[in-house]
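Text of the file target-v9.cif, holding mmCIF, C-alpha atoms, pLDDT in the B column; chains and numbers go by the auth columns:
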```cif
data_input
loop_
_atom_site.group_PDB
_atom_site.id
_atom_site.type_symbol
_atom_site.label_atom_id
_atom_site.label_comp_id
_atom_site.label_asym_id
_atom_site.label_seq_id
_atom_site.Cartn_x
_atom_site.Cartn_y
_atom_site.Cartn_z
_atom_site.B_iso_or_equiv
_atom_site.auth_seq_id
_atom_site.auth_asym_id
ATOM 1 C CA MET A 1 -101.389 -35.226 -224.735 49.00 1 Q
ATOM 2 C CA LEU A 2 -104.798 -35.657 -226.285 56.00 2 Q
ATOM 3 C CA ASN A 3 -103.369 -35.690 -229.822 67.00 3 Q
ATOM 4 C CA GLN A 4 -101.477 -38.830 -228.859 69.00 4 Q
ATOM 5 C CA ASP A 5 -104.580 -40.536 -227.459 78.00 5 Q
ATOM 6 C CA PRO A 6 -104.634 -43.926 -229.213 78.00 6 Q
ATOM 7 C CA SER A 7 -108.389 -44.140 -228.695 91.00 7 Q
ATOM 8 C CA LEU A 8 -108.781 -41.138 -231.023 94.00 8 Q
ATOM 9 C CA ASP A 9 -106.662 -42.987 -233.607 95.00 9 Q
ATOM 10 C CA LEU A 10 -109.037 -45.938 -233.402 96.00 10 Q
ATOM 11 C CA MET A 11 -112.200 -43.818 -233.375 96.00 11 Q
ATOM 12 C CA PHE A 12 -111.314 -41.691 -236.391 97.00 12 Q
ATOM 13 C CA GLN A 13 -110.018 -44.801 -238.159 97.00 13 Q
ATOM 14 C CA ALA A 14 -113.341 -46.507 -237.433 97.00 14 Q
ATOM 15 C CA LEU A 15 -115.280 -43.530 -238.836 97.00 15 Q
ATOM 16 C CA ALA A 16 -113.137 -43.373 -242.000 97.00 16 Q
ATOM 17 C CA ASP A 17 -115.106 -46.171 -243.648 97.00 17 Q
ATOM 18 C CA PRO A 18 -118.552 -45.635 -245.231 96.00 18 Q
ATOM 19 C CA THR A 19 -119.858 -49.062 -244.191 96.00 19 Q
ATOM 20 C CA ARG A 20 -118.895 -48.435 -240.578 97.00 20 Q
ATOM 21 C CA ARG A 21 -120.469 -44.962 -240.735 97.00 21 Q
ATOM 22 C CA SER A 22 -123.669 -46.607 -242.024 96.00 22 Q
ATOM 23 C CA MET A 23 -123.570 -48.952 -239.047 97.00 23 Q
ATOM 24 C CA VAL A 24 -123.047 -46.031 -236.637 96.00 24 Q
ATOM 25 C CA GLU A 25 -125.906 -44.207 -238.368 95.00 25 Q
ATOM 26 C CA ARG A 26 -128.146 -47.246 -237.911 95.00 26 Q
ATOM 27 C CA LEU A 27 -127.134 -47.579 -234.255 95.00 27 Q
ATOM 28 C CA SER A 28 -127.759 -43.888 -233.621 92.00 28 Q
ATOM 29 C CA ARG A 29 -131.431 -44.774 -234.211 89.00 29 Q
ATOM 30 C CA GLY A 30 -131.300 -47.416 -231.496 89.00 30 Q
ATOM 31 C CA PRO A 31 -129.687 -50.749 -230.618 91.00 31 Q
ATOM 32 C CA ALA A 32 -129.648 -53.466 -233.257 95.00 32 Q
ATOM 33 C CA SER A 33 -128.744 -57.110 -233.565 96.00 33 Q
ATOM 34 C CA VAL A 34 -125.850 -58.033 -235.836 96.00 34 Q
ATOM 35 C CA SER A 35 -128.226 -59.349 -238.476 95.00 35 Q
ATOM 36 C CA GLU A 36 -130.348 -56.185 -238.293 96.00 36 Q
ATOM 37 C CA LEU A 37 -127.137 -54.224 -238.836 96.00 37 Q
ATOM 38 C CA ALA A 38 -126.194 -56.435 -241.773 96.00 38 Q
ATOM 39 C CA LYS A 39 -129.599 -56.447 -243.496 95.00 39 Q
ATOM 40 C CA PRO A 40 -129.301 -53.153 -245.456 95.00 40 Q
ATOM 41 C CA LEU A 41 -125.612 -53.631 -246.249 96.00 41 Q
ATOM 42 C CA PRO A 42 -124.448 -55.111 -249.572 95.00 42 Q
ATOM 43 C CA ILE A 43 -121.699 -57.158 -247.886 95.00 43 Q
ATOM 44 C CA SER A 44 -121.442 -60.582 -246.297 95.00 44 Q
ATOM 45 C CA LEU A 45 -122.257 -61.202 -242.626 94.00 45 Q
ATOM 46 C CA PRO A 46 -118.590 -62.058 -241.826 95.00 46 Q
ATOM 47 C CA ALA A 47 -117.582 -58.697 -243.344 97.00 47 Q
ATOM 48 C CA VAL A 48 -120.165 -56.950 -241.155 97.00 48 Q
ATOM 49 C CA VAL A 49 -118.771 -58.753 -238.101 96.00 49 Q
ATOM 50 C CA GLN A 50 -115.261 -57.553 -239.010 97.00 50 Q
ATOM 51 C CA HIS A 51 -116.456 -53.960 -239.293 98.00 51 Q
ATOM 52 C CA LEU A 52 -118.281 -54.379 -235.993 97.00 52 Q
ATOM 53 C CA GLN A 53 -115.041 -55.523 -234.363 97.00 53 Q
ATOM 54 C CA VAL A 54 -113.301 -52.349 -235.573 97.00 54 Q
ATOM 55 C CA LEU A 55 -116.149 -50.270 -234.134 97.00 55 Q
ATOM 56 C CA GLU A 56 -115.987 -52.140 -230.822 97.00 56 Q
ATOM 57 C CA GLN A 57 -112.198 -51.812 -230.575 96.00 57 Q
ATOM 58 C CA SER A 58 -112.582 -48.056 -231.078 96.00 58 Q
ATOM 59 C CA GLY A 59 -115.077 -47.871 -228.205 95.00 59 Q
ATOM 60 C CA LEU A 60 -117.785 -46.342 -230.403 96.00 60 Q
ATOM 61 C CA VAL A 61 -119.970 -49.444 -230.211 97.00 61 Q
ATOM 62 C CA ARG A 62 -120.592 -52.004 -227.503 96.00 62 Q
ATOM 63 C CA SER A 63 -122.279 -55.330 -227.983 95.00 63 Q
ATOM 64 C CA GLU A 64 -123.764 -57.857 -225.641 95.00 64 Q
ATOM 65 C CA LYS A 65 -124.903 -61.364 -226.376 93.00 65 Q
ATOM 66 C CA VAL A 66 -128.136 -62.343 -224.702 90.00 66 Q
ATOM 67 C CA GLY A 67 -129.265 -65.798 -225.649 93.00 67 Q
ATOM 68 C CA ARG A 68 -128.506 -66.193 -229.339 92.00 68 Q
ATOM 69 C CA VAL A 69 -128.769 -62.518 -230.170 93.00 69 Q
ATOM 70 C CA ARG A 70 -125.834 -60.120 -230.026 94.00 70 Q
ATOM 71 C CA THR A 71 -127.232 -56.624 -229.557 96.00 71 Q
ATOM 72 C CA CYS A 72 -125.079 -53.639 -230.514 97.00 72 Q
ATOM 73 C CA THR A 73 -125.404 -50.189 -229.000 94.00 73 Q
ATOM 74 C CA LEU A 74 -123.664 -46.917 -229.710 93.00 74 Q
ATOM 75 C CA ASP A 75 -121.476 -45.446 -226.967 92.00 75 Q
ATOM 76 C CA SER A 76 -122.362 -41.779 -227.094 87.00 76 Q
ATOM 77 C CA GLY A 77 -119.572 -40.975 -224.631 89.00 77 Q
ATOM 78 C CA ALA A 78 -116.957 -42.212 -227.085 90.00 78 Q
ATOM 79 C CA LEU A 79 -118.690 -40.351 -229.897 91.00 79 Q
ATOM 80 C CA SER A 80 -118.539 -37.218 -227.721 92.00 80 Q
ATOM 81 C CA LEU A 81 -114.796 -37.598 -227.297 92.00 81 Q
ATOM 82 C CA ALA A 82 -114.195 -37.566 -231.054 93.00 82 Q
ATOM 83 C CA GLU A 83 -116.643 -34.707 -231.537 93.00 83 Q
ATOM 84 C CA GLN A 84 -115.063 -32.728 -228.701 94.00 84 Q
ATOM 85 C CA TRP A 85 -111.578 -33.061 -230.166 94.00 85 Q
ATOM 86 C CA ILE A 86 -112.746 -31.577 -233.473 94.00 86 Q
ATOM 87 C CA ASN A 87 -114.864 -28.941 -231.735 93.00 87 Q
ATOM 88 C CA ASP A 88 -111.935 -27.794 -229.578 93.00 88 Q
ATOM 89 C CA ARG A 89 -109.734 -27.344 -232.660 93.00 89 Q
ATOM 90 C CA ARG A 90 -112.445 -25.564 -234.609 90.00 90 Q
ATOM 91 C CA THR A 91 -113.308 -23.279 -231.698 89.00 91 Q
ATOM 92 C CA GLN A 92 -109.650 -22.427 -231.180 88.00 92 Q
ATOM 93 C CA TRP A 93 -109.321 -21.698 -234.880 86.00 93 Q
ATOM 94 C CA VAL A 94 -112.351 -19.395 -234.878 83.00 94 Q
ATOM 95 C CA ARG A 95 -110.977 -17.552 -231.836 82.00 95 Q
ATOM 96 C CA ARG A 96 -107.706 -17.005 -233.650 77.00 96 Q
ATOM 97 C CA LEU A 97 -109.403 -15.883 -236.830 73.00 97 Q
ATOM 98 C CA ASP A 98 -108.772 -12.236 -235.964 68.00 98 Q
ATOM 99 C CA ARG A 99 -105.093 -13.000 -235.544 68.00 99 Q
ATOM 100 C CA LEU A 100 -105.132 -14.773 -238.892 64.00 100 Q
ATOM 101 C CA GLY A 101 -106.602 -11.631 -240.397 73.00 101 Q
ATOM 102 C CA ASP A 102 -103.825 -9.593 -238.796 76.00 102 Q
ATOM 103 C CA PHE A 103 -101.226 -12.052 -240.083 71.00 103 Q
ATOM 104 C CA LEU A 104 -102.531 -11.882 -243.628 77.00 104 Q
ATOM 105 C CA ALA A 105 -102.796 -8.086 -243.487 82.00 105 Q
ATOM 106 C CA ALA A 106 -99.211 -7.871 -242.232 84.00 106 Q
ATOM 107 C CA ASN A 107 -97.952 -10.381 -244.828 84.00 107 Q
ATOM 108 C CA PRO A 108 -99.650 -9.531 -248.129 77.00 108 Q
ATOM 109 C CA GLU A 109 -96.607 -10.922 -249.910 71.00 109 Q
ATOM 110 C CA ASP A 110 -93.634 -12.800 -248.619 56.00 110 Q
ATOM 111 C CA ASP A 111 -90.725 -13.647 -250.891 50.00 111 Q
ATOM 112 C CA GLY A 112 -88.131 -13.631 -248.127 48.00 112 Q
ATOM 113 C CA GLU A 113 -86.043 -16.372 -246.593 49.00 113 Q
ATOM 114 C CA ARG A 114 -88.488 -17.240 -243.799 50.00 114 Q
ATOM 115 C CA SER A 115 -89.187 -20.889 -244.425 45.00 115 Q
ATOM 116 C CA MET B 1 -126.030 -40.350 -248.816 49.00 116 X
ATOM 117 C CA LEU B 2 -123.746 -38.548 -246.390 56.00 117 X
ATOM 118 C CA ASN B 3 -122.342 -41.832 -245.050 67.00 118 X
ATOM 119 C CA GLN B 4 -120.984 -42.506 -248.523 69.00 119 X
ATOM 120 C CA ASP B 5 -119.345 -39.071 -248.792 78.00 120 X
ATOM 121 C CA PRO B 6 -115.746 -39.859 -249.770 78.00 121 X
ATOM 122 C CA SER B 7 -114.593 -36.556 -248.255 91.00 122 X
ATOM 123 C CA LEU B 8 -115.622 -37.894 -244.829 94.00 123 X
ATOM 124 C CA ASP B 9 -113.512 -40.999 -245.507 95.00 124 X
ATOM 125 C CA LEU B 10 -110.515 -38.772 -246.189 96.00 125 X
ATOM 126 C CA MET B 11 -111.161 -36.422 -243.264 96.00 126 X
ATOM 127 C CA PHE B 12 -111.562 -39.114 -240.626 97.00 127 X
ATOM 128 C CA GLN B 13 -108.606 -40.977 -242.142 97.00 128 X
ATOM 129 C CA ALA B 14 -106.554 -37.778 -241.875 97.00 129 X
ATOM 130 C CA LEU B 15 -107.552 -37.332 -238.221 97.00 130 X
ATOM 131 C CA ALA B 16 -106.714 -40.954 -237.342 97.00 131 X
ATOM 132 C CA ASP B 17 -102.996 -40.184 -237.036 97.00 132 X
ATOM 133 C CA PRO B 18 -101.489 -38.480 -233.953 96.00 133 X
ATOM 134 C CA THR B 19 -98.905 -36.543 -235.999 96.00 134 X
ATOM 135 C CA ARG B 20 -101.587 -35.141 -238.264 97.00 135 X
ATOM 136 C CA ARG B 21 -103.746 -34.283 -235.251 97.00 136 X
ATOM 137 C CA SER B 22 -100.747 -32.410 -233.812 96.00 137 X
ATOM 138 C CA MET B 23 -100.474 -30.480 -237.079 97.00 138 X
ATOM 139 C CA VAL B 24 -104.206 -29.653 -237.010 96.00 139 X
ATOM 140 C CA GLU B 25 -103.829 -28.606 -233.362 95.00 140 X
ATOM 141 C CA ARG B 26 -100.935 -26.309 -234.315 95.00 141 X
ATOM 142 C CA LEU B 27 -102.907 -24.852 -237.234 95.00 142 X
ATOM 143 C CA SER B 28 -105.939 -24.267 -235.034 92.00 143 X
ATOM 144 C CA ARG B 29 -103.767 -21.651 -233.310 89.00 144 X
ATOM 145 C CA GLY B 30 -103.130 -19.886 -236.625 89.00 145 X
ATOM 146 C CA PRO B 31 -101.474 -20.383 -240.015 91.00 146 X
ATOM 147 C CA ALA B 32 -97.959 -21.800 -240.106 95.00 147 X
ATOM 148 C CA SER B 33 -95.225 -22.431 -242.623 96.00 148 X
ATOM 149 C CA VAL B 34 -94.245 -26.025 -243.334 96.00 149 X
ATOM 150 C CA SER B 35 -91.053 -25.645 -241.314 95.00 150 X
ATOM 151 C CA GLU B 36 -92.963 -24.114 -238.401 96.00 151 X
ATOM 152 C CA LEU B 37 -95.259 -27.120 -238.550 96.00 152 X
ATOM 153 C CA ALA B 38 -92.292 -29.477 -238.642 96.00 153 X
ATOM 154 C CA LYS B 39 -90.290 -27.844 -235.830 95.00 154 X
ATOM 155 C CA PRO B 40 -91.962 -29.524 -232.806 95.00 155 X
ATOM 156 C CA LEU B 41 -92.364 -32.890 -234.537 96.00 156 X
ATOM 157 C CA PRO B 42 -89.839 -35.720 -234.074 95.00 157 X
ATOM 158 C CA ILE B 43 -90.000 -36.690 -237.754 95.00 158 X
ATOM 159 C CA SER B 44 -88.218 -35.663 -240.936 95.00 159 X
ATOM 160 C CA LEU B 45 -89.364 -32.741 -243.090 94.00 160 X
ATOM 161 C CA PRO B 46 -90.299 -35.085 -245.988 95.00 161 X
ATOM 162 C CA ALA B 47 -92.482 -37.062 -243.568 97.00 162 X
ATOM 163 C CA VAL B 48 -94.162 -33.827 -242.466 97.00 163 X
ATOM 164 C CA VAL B 49 -94.778 -32.928 -246.110 96.00 164 X
ATOM 165 C CA GLN B 50 -96.395 -36.333 -246.670 97.00 165 X
ATOM 166 C CA HIS B 51 -98.701 -35.857 -243.684 98.00 166 X
ATOM 167 C CA LEU B 52 -99.493 -32.370 -244.970 97.00 167 X
ATOM 168 C CA GLN B 53 -100.501 -33.847 -248.321 97.00 168 X
ATOM 169 C CA VAL B 54 -102.925 -36.201 -246.576 97.00 169 X
ATOM 170 C CA LEU B 55 -104.398 -33.243 -244.685 97.00 170 X
ATOM 171 C CA GLU B 56 -104.709 -31.206 -247.882 97.00 171 X
ATOM 172 C CA GLN B 57 -106.315 -34.074 -249.804 96.00 172 X
ATOM 173 C CA SER B 58 -108.884 -34.369 -247.026 96.00 173 X
ATOM 174 C CA GLY B 59 -109.727 -30.676 -247.328 95.00 174 X
ATOM 175 C CA LEU B 60 -108.911 -30.002 -243.666 96.00 175 X
ATOM 176 C CA VAL B 61 -105.853 -27.912 -244.534 97.00 176 X
ATOM 177 C CA ARG B 62 -105.054 -25.572 -247.387 96.00 177 X
ATOM 178 C CA SER B 63 -101.625 -24.264 -248.256 95.00 178 X
ATOM 179 C CA GLU B 64 -100.388 -21.463 -250.423 95.00 179 X
ATOM 180 C CA LYS B 65 -96.858 -20.762 -251.537 93.00 180 X
ATOM 181 C CA VAL B 66 -95.894 -17.122 -251.477 90.00 181 X
ATOM 182 C CA GLY B 67 -92.293 -16.598 -252.446 93.00 182 X
ATOM 183 C CA ARG B 68 -90.349 -19.412 -250.843 92.00 183 X
ATOM 184 C CA VAL B 69 -92.710 -19.946 -247.959 93.00 184 X
ATOM 185 C CA ARG B 70 -95.654 -22.354 -248.100 94.00 185 X
ATOM 186 C CA THR B 71 -98.189 -21.218 -245.526 96.00 186 X
ATOM 187 C CA CYS B 72 -100.733 -23.720 -244.243 97.00 187 X
ATOM 188 C CA THR B 73 -104.145 -22.832 -242.874 94.00 188 X
ATOM 189 C CA LEU B 74 -106.917 -24.881 -241.355 93.00 189 X
ATOM 190 C CA ASP B 75 -110.216 -25.072 -243.240 92.00 190 X
ATOM 191 C CA SER B 76 -112.758 -24.731 -240.475 87.00 191 X
ATOM 192 C CA GLY B 77 -115.588 -25.491 -242.910 89.00 192 X
ATOM 193 C CA ALA B 78 -114.169 -28.952 -243.569 90.00 193 X
ATOM 194 C CA LEU B 79 -113.616 -29.436 -239.850 91.00 194 X
ATOM 195 C CA SER B 80 -117.273 -28.479 -239.317 92.00 195 X
ATOM 196 C CA LEU B 81 -118.408 -31.146 -241.764 92.00 196 X
ATOM 197 C CA ALA B 82 -116.660 -33.905 -239.812 93.00 197 X
ATOM 198 C CA GLU B 83 -117.879 -32.488 -236.503 93.00 198 X
ATOM 199 C CA GLN B 84 -121.430 -32.176 -237.819 93.00 199 X
ATOM 200 C CA TRP B 85 -121.529 -35.785 -238.962 94.00 200 X
ATOM 201 C CA ILE B 86 -120.607 -36.992 -235.464 94.00 201 X
ATOM 202 C CA ASN B 87 -122.908 -34.463 -233.804 93.00 202 X
ATOM 203 C CA ASP B 88 -125.885 -35.559 -235.923 93.00 203 X
ATOM 204 C CA ARG B 89 -125.354 -39.187 -234.960 93.00 204 X
ATOM 205 C CA ARG B 90 -124.872 -38.380 -231.284 90.00 205 X
ATOM 206 C CA THR B 91 -127.918 -36.092 -231.200 89.00 206 X
ATOM 207 C CA GLN B 92 -130.015 -38.737 -232.916 88.00 207 X
ATOM 208 C CA TRP B 93 -128.807 -41.302 -230.417 86.00 208 X
ATOM 209 C CA VAL B 94 -129.642 -39.087 -227.441 83.00 209 X
ATOM 210 C CA ARG B 95 -133.116 -38.414 -228.894 83.00 210 X
ATOM 211 C CA ARG B 96 -133.699 -42.141 -229.176 78.00 211 X
ATOM 212 C CA LEU B 97 -132.381 -42.857 -225.707 74.00 212 X
ATOM 213 C CA ASP B 98 -135.916 -43.026 -224.377 69.00 213 X
ATOM 214 C CA ARG B 99 -136.793 -45.590 -227.013 68.00 214 X
ATOM 215 C CA LEU B 100 -133.650 -47.511 -226.079 64.00 215 X
ATOM 216 C CA GLY B 101 -134.907 -47.502 -222.510 73.00 216 X
ATOM 217 C CA ASP B 102 -138.237 -48.825 -223.718 76.00 217 X
ATOM 218 C CA PHE B 103 -136.475 -51.461 -225.804 71.00 218 X
ATOM 219 C CA LEU B 104 -134.396 -52.673 -222.882 77.00 219 X
ATOM 220 C CA ALA B 105 -137.390 -52.635 -220.555 82.00 220 X
ATOM 221 C CA ALA B 106 -139.382 -54.673 -223.047 84.00 221 X
ATOM 222 C CA ASN B 107 -136.489 -57.078 -223.655 84.00 222 X
ATOM 223 C CA PRO B 108 -134.890 -57.806 -220.288 77.00 223 X
ATOM 224 C CA GLU B 109 -133.887 -61.191 -221.652 71.00 224 X
ATOM 225 C CA ASP B 110 -133.999 -62.569 -225.152 56.00 225 X
ATOM 226 C CA ASP B 111 -133.102 -66.168 -225.820 50.00 226 X
ATOM 227 C CA GLY B 112 -135.353 -66.500 -228.823 48.00 227 X
ATOM 228 C CA GLU B 113 -134.631 -67.050 -232.477 49.00 228 X
ATOM 229 C CA ARG B 114 -134.469 -63.373 -233.427 50.00 229 X
ATOM 230 C CA SER B 115 -130.998 -63.114 -234.890 45.00 230 X
#
```

Just give me the structure as structure tokens.
Amino acid sequence: MLNQDPSLDLMFQALADPTRRSMVERLSRGPASVSELAKPLPISLPAVVQHLQVLEQSGLVRSEKVGRVRTCTLDSGALSLAEQWINDRRTQWVRRLDRLGDFLAANPEDDGERS
Amino acid sequence: MLNQDPSLDLMFQALADPTRRSMVERLSRGPASVSELAKPLPISLPAVVQHLQVLEQSGLVRSEKVGRVRTCTLDSGALSLAEQWINDRRTQWVRRLDRLGDFLAANPEDDGERS
């Protein structure tokens, strides 16, 4: 069941932090070294590395060390998965909007025992 | 700056839990009372209410009490906001994919001091 997909837990958790979203935003403009990622951020390099680990564990970001430079890249496939989950729910909701209208029309007030 | 939008923090945080995603999934098929939401879930009603509060604080779900029944509905606008944030990043990434190709072609190996 997709709702139980632990990778979605990790992805949405990763995106729930503004620093990590800034890093994803930066990486959406192209790969970056860890220090390039850290440069605009008002936090220490070790803190950036911790955030990067959360992003890597979620699958949203991959990194590879070549020589002394660790280069980080966004995984657009993982990003798609998170986007698709939301899109599926939203699309389903929009499709059912007519039924919602019917429901509300049929239940203008409800002070019964249905709970 | 959209990355700093605290509502995105709350929305992605809300979506990072499989129980809450199940509730959003259920609500994407139409409004539901709290007990309808709780029925398929293997957790207590108070736990469901707590998850519902997280969803409401994030803006993804609204609820209204009419008589004795609290009816929950999905806010597709809020869902759109979260989806749009991911979509913007992914689209940007895809647009820059050519530049990424250029970058990788120009940097097949890098053992320099750039860190």

- [ ] Would you translate the PyMOL selection byres ((chain X) within 8 of (chain Q)) into the concrete set of residues it matches in this file, as a ChimeraX atom specification?
- [x] /X:118-121,123-128,130-134,136-137,139-140,142-146,148-151,181-185,189,191,194-195,197-198,201-202,204-205,207-209,211-212,214-215,224-230

- [ ] Tell me, in Å to one decimal, how far atom CA of X:Leu160 is from atom CA of X:Val176.
- [x]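 One can read the atom CA of X:Leu160 to atom CA of X:Val176 distance as 17.2 Å.
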
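In this model, the gap between atom CA of X:Ala220 and atom CA of Q:Gln57 comes to 27.1 Å.
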
Open item on the list: Can you measure atom CA of X:Leu156 to atom CA of Q:Asp102 for me? One decimal in Å is fine.
Closed with: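 Atom-to-atom, atom CA of X:Leu156 and atom CA of Q:Asp102 are spaced 26.3 Å apart.
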
Specify the axis-aligned box that encloses all atoms of stretch 191-206 of chain X listed in the file after padding of 4 Å on each side, stating its centre and edge lengths in Å to one decimal as AutoDock Vina command-line options.
```
--center_x -120.3 --center_y -32.0 --center_z -237.4 --size_x 23.2 --size_y 22.5 --size_z 20.4
```

Open item on the list: Using all atoms listed in the file for the distances, tell me which of Q:Ala106, Q:Ala38, Q:Ala47, Q:Leu81 is nearest to Q:Gly59.
Closed with: Q:Leu81
